[in-house]
Number of protein chains: 2
Amino acid sequence: MDKQLQLFISDKTPQIDDEMNRLIASEKSPANLKDSMLYSVKAGGKRIRPLLVLAVLEDFDKVSGDDLKVACASELIHTYSLIHDDLPCMDDDDFRRGKPTNHKVYGEATAVLAGDALQTRAFGILASLQHTSSEKMVKLITLLANASGANGMVGGQILDMEGETALLSLPELEEVHMQKTGALLSFCIEAGAILADASESQLMQLREYARNIGLAFQIKDDILDVTSTTEQLGKTANSDAASDKSTYPSLLGLEGAQQQLEKYHKNAIESLSFLGKENAMLKLFADYIVHRNA
Amino acid sequence: MDKQLQLFISDKTPQIDDEMNRLIASEKSPANLKDSMLYSVKAGGKRIRPLLVLAVLEDFDKVSGDDLKVACASELIHTYSLIHDDLPCMDDDDFRRGKPTNHKVYGEATAVLAGDALQTRAFGILASLQHTSSEKMVKLITLLANASGANGMVGGQILDMEGETALLSLPELEEVHMQKTGALLSFCIEAGAILADASESQLMQLREYARNIGLAFQIKDDILDVTSTTEQLGKTANSDAASDKSTYPSLLGLEGAQQQLEKYHKNAIESLSFLGKENAMLKLFADYIVHRNA
């Protein structure tokens with residue numbers, strides 16, 4: 001990983017972790033529910049979503065007193081979706097990031113409710129920012145609702161489930177990923193741009209960037225599922241092949257998937273030219289997404 | 001039921017139903033997910049929450065172009081909570097309002113996701129009101145998040161589950177209900193008050209009203225569970241006694257519960273005196289909550 005990105009990540013990640021913990025721990029709630037929420041919040045992960053929010057501000061040389069909160073809201077949505085995805089009635093996963101999944105520790109009922117409450121908290125956080133105008137808060141909430149609801153992440157999850165029993169075409173597969181993973185990543189980029197007061201034309205470029213890294217992210221996930229071990233991934237490897245699921249490698253072959261990945265990577269970087277920075281943090285992130293090993 | 005209230009309900013309920021359907025149907029989302037969301041939205045119910053929002057505006061003689069949307073947001077949250085509550089890992093109910101529960105028709109995975117997406121939609125709706133200032137939208141969203149999250153409805157659901165295996169004291173039982181049912185009812189009253197530009201002192205009176213009808217509502221539910229048949233209720237009767245759950249009748253006896261109900265009813269009505277109306281719609285609602293048969 002690039003040194004500059006590494007520094008950024010090692011500087012920001014503990015701040016994100018602390019803020020996430022604080023945002024959950026500070027809310028009055030039944031002990032068992034709070035424990036369950038904190039368990040998944042503390043389960044780690046790469047924090048790519050909140051880091052992307054902060055990377056946009058970094059590239060715009062802007063500071064917002066609410067950057068961490070907005071960043072964390074995106075990660076709380078991601079975390080809730082993981083808890084629900086792991087449930088026995090969904091993917092039925094016993095491990096996530098090398099640890100027992102939420103329902104294995106707290107039981108299914110509490111896991112459902114912890115996911116529910118994490119979603120609620122994300123919206124609550126965006127509605128109580130201290131350094132952001134009400135107009136911007138409303139914009140952020142609208143974007144997050146669109147990105148994470150029936151036409152975004154949740155819709156993508158449904159399409160993904162349906163895709164497990166039907167062979168998808170490449171456009172159909174991209175639609176699944178644009179919704180399931182891409183929409184929330186796009187929210188992160190747009191949210192950062194709103195906090196950074198980006199212009200409409202800059203926003204359009206950033207949307208293009210987000211679309212491309214979103215798809216690149218998923219292709220890379222699919223490739224890693226084929227080429228990595230369970231230990232490397234911290235989750236069950238080769239799970240897609242085991243379930244006959246349509247993936248980029250299954251539709252395009254491993255080499256074709258790799259080429260597609262490189263195309264999206266290139267597009268993403270080109271859409272950042274307006275920044276006029278050779279080593280924009282968002283560029284380094286695109287590189288990282290494409291070259292990561294887990 | 002009082003004639004005036006009956007007219008109000010029969011006028012408003014179809015408007016609420018239409019708007020709820022429209023708000024879900026208008027969102028682009030996978031067909032199966034949308035069907036599942038609409039199934040529970042159309043499953044009926046008394047629509048008490050949205051009607052309360054509208055009743056506040058009625059009593060203030062105020063009109064808001066967004067009244068129906070705000071009203072529906074509260075009902076979407078209620079609907080999502082019912083879908084999740086009915087899941088096999090929670091209450092494991094096969095019937096709700098006389099119809100098969102969502103997961104019995106669409107499967108558990110889709111039911112979880114339909115609930116998730118209904119929650120998201122509720123917040124999305126409150127962030128895209130057309131006739132309400134951003135400041136008010138942010139206030140409504142903050143209130144809804146507090147009412148429905150870990151310190152509100154979802155927290156209450158956890159406490160309720162814990163209460164099924166432990167004998168609760170009366171204050172503990174009230175805490176459960178204040179969170180599980182009362183918080184969202186309070187949101188409805190406060191949301192109506194915000195749209196109606198109520199003063200801070202009026203808001204305080206209305207909070208008192210909401211607290212009292214919330215508790216009255218639950219006591220009445222507990223009493224009906226003991227005194228009604230499954231057919232009358234549209235859900236399994238005597239389920240509380242069957243599960244050894246702490247309820248008002250189990251703690252106070254049926255007569256004691258009835259007295260408590262009347263106390264809250266009286267308090268609710270007294271807190272409405274500032275309206276200076278003999279037959280305020282909120283007063284008629286309090287009467288209805290206490291005297292209903294299902």
# chains A, B, ... in the order shown; residues from 1 in each chain; ligands from 1
>>> interface_residues(of="chain B", to="chain A", cutoff="9 Å", atoms="only C-alpha atoms", output="PyMOL selection string")
chain B and resi 27-30+32-34+84-85+87-90+107-110+112-128+133-146+148-152+154-159+161
>>> select_by_dssp(residues="region 13-218 of chain A", states="strand (DSSP E or B)", output="VMD selection string")
chain A and resid 95 to 96 99 to 100
>>> closest_residue(among="A:Arg22, A:Lys62, A:His177, A:His265", to="Asp160 (chain A)", atoms="only C-alpha atoms")
A:His177
>>> select_by_dssp(residues="region 29-187 of chain A", states="helix (DSSP H, G or I)", output="number ranges by chain")
A: 31-41, 48-59, 67-86, 102-106, 108-126, 134-148, 153-163, 170-187
>>> atom_distance(atom1="CA of Ser64 (chain A)", atom2="CA of His131 (chain A)")
7.2 Å
>>> residues_around(residues="Phe60 (chain B)", least_positions_apart="5", cutoff="9 Å", atoms="only C-alpha atoms", output="ChimeraX atom specification")
/B:55,193,196-198,275
>>> residues_around(residues="Ile269 (chain A)", least_positions_apart="2", cutoff="8 Å", atoms="only C-alpha atoms", output="MDAnalysis selection string")
chainID A and resid 209 265:267 271:273 283 286
